Amino acid sequence: MDDLYREQIIERYKEPHYRGHLDPNDIQFEDDNPLCGDHIEITLRVDKDDKVVEAAFDGHGCAISQSSADLLVESIHGKALDEIKSMNKDAVLDLLGIELGHVRLKCALLSLKVLKAGVYGLGEANDDLVA
Amino acid sequence: MVNQKLVGFEVKRIRADFPILDRETQPGIPVIYLDSTASSQKPIAVIEAMNVFYRRSNANIHRGVHTLAEEATALYEEAREKIAKFINAPAAKQLIYTRNTTESINLVAHTWARANLKSGDMVILTEMEHHSNLVPWQMLKSERGIRLEFITVTEEGLLDLDSYRSLLDQNPKLVSFTHMSNVLGTINPAEEIIRLAHEHGAVTLVDGAQSVPHFGVDVQKLDVDFLAFSAHKMVGPTGIGILYGKQDLLENMPPFLGGGDMIKSVHLQEFVANELPYKFEAGTPAIAEAVGFGAAVDYLTSVGMDAIAAHEHEITEYALERLEEVPGLNVFGPNSQDKGGVAAFTFDDLHPHDIAQILDRDGIAVRAGHHCAQPLHEKFGVRATTRASFYLYNTKEEVDKLIEGLYKVKEVFN
């Protein structure tokens with residue numbers, strides 16, 4: 001647990017690289033974590049081959065939810081939407097490089113949930129997306 | 001060194017009764033439990049009472065005639081009598097065992113309210129309610145169109161009794177309010193609120209989840225019609241709570257859940273409901289938990305509710321003083337005079353989850369979120385707060401650790 005707030009996470013929280021809202025965009029989705037009210041919006045631009053050319057996130061929340069969103073958005077540049085569909089929670093945990101308890105896992109996975117719900121074009125996000 | 005000794009109250013002796021307080025969250029890091037408002041820890045007396053029940057007396061209650069069933073029934077009912085005495089109820093049969101405060105409030109919403117409220121009838125709540133005293137009434141609102149009105153909360157975190165008086169003139173049927181806010185710590189003037197409600201012909205329900213554990217609550221002095229509270233917040237087990245009600249109200253209410261034990265007789269097409277309190281206790285209840293609840297009440301009584309309240313007051317006053325020294329920290333709610341052992345705060349623009357997680361590294365257990373009082377947080381314009389809460393076993397040294405921990409949180413984010 002001790003490196004939960006290691007430098008990379010704090011830095012990304014304080015100075016995220018991909019914070020913003022793309023307008024126009026091809027895909028947009030947003031959702032909350034009802035436990036704490038954290039909010040994430042993700043916007044994507046994709047090319048004709050359905051590859052992500054640009055991505056950004058916006059929202060508010062704890063260091064874990066915001067830094068994981070920033071790292072996740074960074075990692076999907078150049079990825080095909082089909083590849084994103086097959087991402088699971090391990091992808092986010094690998095990016096963060098830490099172990100997380102049950103409650104904080106929800107913070108970390110909010111951005112992936114939002115991303116996948118957007119890519120799948122769902123009306124509502126659900127936890128099965130990040131199982 | 002701070003003097004911990006109060007008249008008849010030695011916190012060191014109290015702490016020795018709670019085995020969990022000896023544990024370490026990591027090697028060398030003892031737990032500092034500042035989350036009793038969510039759930040309290042349990043003394044050996046309670047843990048053992050339940051243990052002994054399962055080892056010696058376990059059986060289902062009421063219908064059996066064998067020795068174990070007799071013993072189990074006696075223990076279950078003795079506990080009810082102890083709890084009745086604890087809140088000075090006229091009779092034990094006015095106490096209904098439920099799962100918790102939430103179920104107690106839902107019981108009133110399902111039975112008394114459905115029998116007595118119709119479309120357009122007004123229920124008065126307050127802006128500082130826990131979701132458990134909001135959602136049951138919102139459900140009844142969508143089901144039968146009752147009207148919900150709210151006593152407003154002032155900037156300091158007190159109920160605005162002028163707003164209450166103006167609502168009373170509109171013929172309310174029920175006034176349901178928390179005795180003590182689980183976020184602001186505000187102890188509301190329950191006796192006055194109830195007296196005014198009665199003058200206007202309204203029935204009253206008090207959410208005692210935070211009051212009954214922390215200071216003496218006398219239902220006859222309050223003259224309250226319904227009182228709801230939970231064992232697990234008052235050194236008892238989870239899974240059991242109480243609904244106290246005035247006898248005539250309870251007798252005239254339809255039953256709640258249907259099943260065994262709540263009936264006098266059952267035929268294929270109809271049933272006759274049992275008498276109080278069994279009418280509201282369908283199915284096998286939480287028997288060992290009732291026994292544990294009785295032991296909890298014995299424990300609190302032996303320490304003394306006045307001594308507990310005085311100790312908490314001293315700790316809270318000290319905590320507020322120390323928290324005030326921390327730059328960027330803002331505690332919600334009134335000053336300690338009207339405040340129970342709760343300090344919910346914001347700290348710069350740090351997220352409560354991050355604060356709580358970093359404090360946990362030092363074994364400090366606080367809660368982060370909206371504490372099931374989202375409308376209250378909205379009112380104060382914050383999404384979430386970090387909450388430290390205090391009970392009979394907490395010490396000033398633990399408050400000092402909290403303060404040290406908060407400075408460390410600041411360092412991490414600097």
# chains A, B, ... in the order shown; residues from 1 in each chain; ligands from 1
call {"tool": "interface_residues", "arguments": {"of": "chain B", "to": "chain A", "cutoff": "7 Å", "atoms": "only C-alpha atoms", "output": "list of chain:residue names"}}
result
B:His351, B:His353, B:Asp354, B:Gly369, B:His370, B:Arg383, B:Ala384, B:Phe413
call {"tool": "residues_around", "arguments": {"residues": "Ala310 (chain B)", "least_positions_apart": "4", "cutoff": "9 Å", "atoms": "only C-alpha atoms", "output": "VMD selection string"}}
result
chain B and resid 6 215 305 to 306 314 to 315
call {"tool": "residues_around", "arguments": {"residues": "region 120-135 of chain B", "least_positions_apart": "6", "cutoff": "10 Å", "atoms": "only C-alpha atoms", "output": "ChimeraX atom specification"}}
result
/B:101-106,109,113,141,144-154,157-160,164,167-168,170-184,186,197,202-207,209,370-377,379
call {"tool": "write_last_selection", "arguments": {"atoms": "C-alpha atoms", "output": "tab-separated table (two decimals), in the first residue's frame"}}
result
chain	number	residue	atom	x	y	z
B	101	THR	CA	-32.16	2.20	12.49
B	102	THR	CA	-32.91	2.14	8.76
B	103	GLU	CA	-35.30	-0.77	9.11
B	104	SER	CA	-36.95	0.86	12.13
B	105	ILE	CA	-37.71	3.99	10.11
B	106	ASN	CA	-38.88	1.91	7.16
B	109	ALA	CA	-43.05	4.35	6.80
B	113	ALA	CA	-47.57	6.01	7.48
B	141	LYS	CA	-44.00	10.39	-1.76
B	144	ARG	CA	-48.94	8.16	-2.58
B	145	GLY	CA	-48.09	11.78	-3.15
B	146	ILE	CA	-47.29	12.88	0.37
B	147	ARG	CA	-45.59	16.26	0.65
B	148	LEU	CA	-42.08	16.58	2.08
B	149	GLU	CA	-40.96	19.81	3.70
B	150	PHE	CA	-37.63	20.50	5.36
B	151	ILE	CA	-36.51	22.41	8.41
B	152	THR	CA	-33.58	24.42	7.06
B	153	VAL	CA	-30.06	24.22	8.43
B	154	THR	CA	-28.24	27.47	9.25
B	157	GLY	CA	-25.14	23.87	11.18
B	158	LEU	CA	-28.10	24.32	13.50
B	159	LEU	CA	-31.76	23.76	12.72
B	160	ASP	CA	-33.59	26.98	11.94
B	164	TYR	CA	-39.94	24.86	11.54
B	167	LEU	CA	-44.10	24.70	8.53
B	168	LEU	CA	-46.05	23.71	11.63
B	170	GLN	CA	-49.43	24.01	7.54
B	171	ASN	CA	-50.90	21.03	9.40
B	172	PRO	CA	-48.09	18.45	9.30
B	173	LYS	CA	-48.93	14.83	10.07
B	174	LEU	CA	-45.43	13.69	10.97
B	175	VAL	CA	-42.18	15.35	12.07
B	176	SER	CA	-39.23	12.99	11.61
B	177	PHE	CA	-35.75	14.23	12.45
B	178	THR	CA	-32.31	13.21	13.59
B	179	HIS	CA	-31.44	13.70	17.24
B	180	MET	CA	-27.79	14.21	16.30
B	181	SER	CA	-26.34	14.83	12.85
B	182	ASN	CA	-23.81	12.20	11.74
B	183	VAL	CA	-21.91	14.88	9.78
B	184	LEU	CA	-22.25	18.17	11.64
B	186	THR	CA	-25.32	18.97	15.86
B	197	ALA	CA	-45.12	19.06	16.85
B	202	ALA	CA	-48.27	15.85	14.50
B	203	VAL	CA	-46.71	12.50	15.33
B	204	THR	CA	-42.93	12.50	15.91
B	205	LEU	CA	-40.12	10.14	14.97
B	206	VAL	CA	-36.58	10.60	16.23
B	207	ASP	CA	-33.60	9.02	14.46
B	209	ALA	CA	-28.74	6.34	15.70
B	370	HIS	CA	-20.83	12.14	1.94
B	371	HIS	CA	-21.63	9.90	4.95
B	372	CYS	CA	-25.10	9.08	3.59
B	373	ALA	CA	-26.06	12.75	3.85
B	374	GLN	CA	-25.66	13.92	0.27
B	375	PRO	CA	-28.24	16.75	0.41
B	376	LEU	CA	-26.45	18.24	3.41
B	377	HIS	CA	-23.14	18.21	1.53
B	379	LYS	CA	-26.18	22.52	0.83
call {"tool": "atom_distance", "arguments": {"atom1": "CA of Gln269 (chain B)", "atom2": "CA of Thr111 (chain B)"}}
result
21.2 Å
call {"tool": "atom_distance", "arguments": {"atom1": "CA of Val52 (chain A)", "atom2": "CA of Leu81 (chain A)"}}
result
7.1 Å
call {"tool": "residues_around", "arguments": {"residues": "Glu81 (chain B)", "least_positions_apart": "5", "cutoff": "9 Å", "atoms": "only C-alpha atoms", "output": "CSV table (one decimal) with N, CA and C atoms, in the first residue's frame"}}
result
chain,number,residue,atom,x,y,z
B,86,PHE,N,-32.9,1.1,29.5
B,86,PHE,CA,-31.9,2.0,29.1
B,86,PHE,C,-32.5,3.3,28.5
B,91,ALA,N,-42.7,0.2,28.9
B,91,ALA,CA,-42.8,-1.2,28.9
B,91,ALA,C,-42.0,-1.8,27.8
B,92,ALA,N,-41.4,-3.0,28.0
B,92,ALA,CA,-40.5,-3.6,27.1
B,92,ALA,C,-41.2,-4.0,25.8
B,93,LYS,N,-42.6,-4.2,25.9
B,93,LYS,CA,-43.3,-4.6,24.7
B,93,LYS,C,-43.4,-3.4,23.7
B,95,LEU,N,-40.8,-2.0,22.6
B,95,LEU,CA,-39.6,-2.1,21.8
B,95,LEU,C,-39.7,-3.2,20.8
B,294,GLY,N,-28.1,-6.6,24.7
B,294,GLY,CA,-28.4,-6.5,26.1
B,294,GLY,C,-27.1,-6.3,26.9
call {"tool": "closest_residue", "arguments": {"among": "B:Asp169, B:Phe53, B:Leu34, B:Val297", "to": "Ala344 (chain B)", "atoms": "only C-alpha atoms"}}
result
B:Leu34
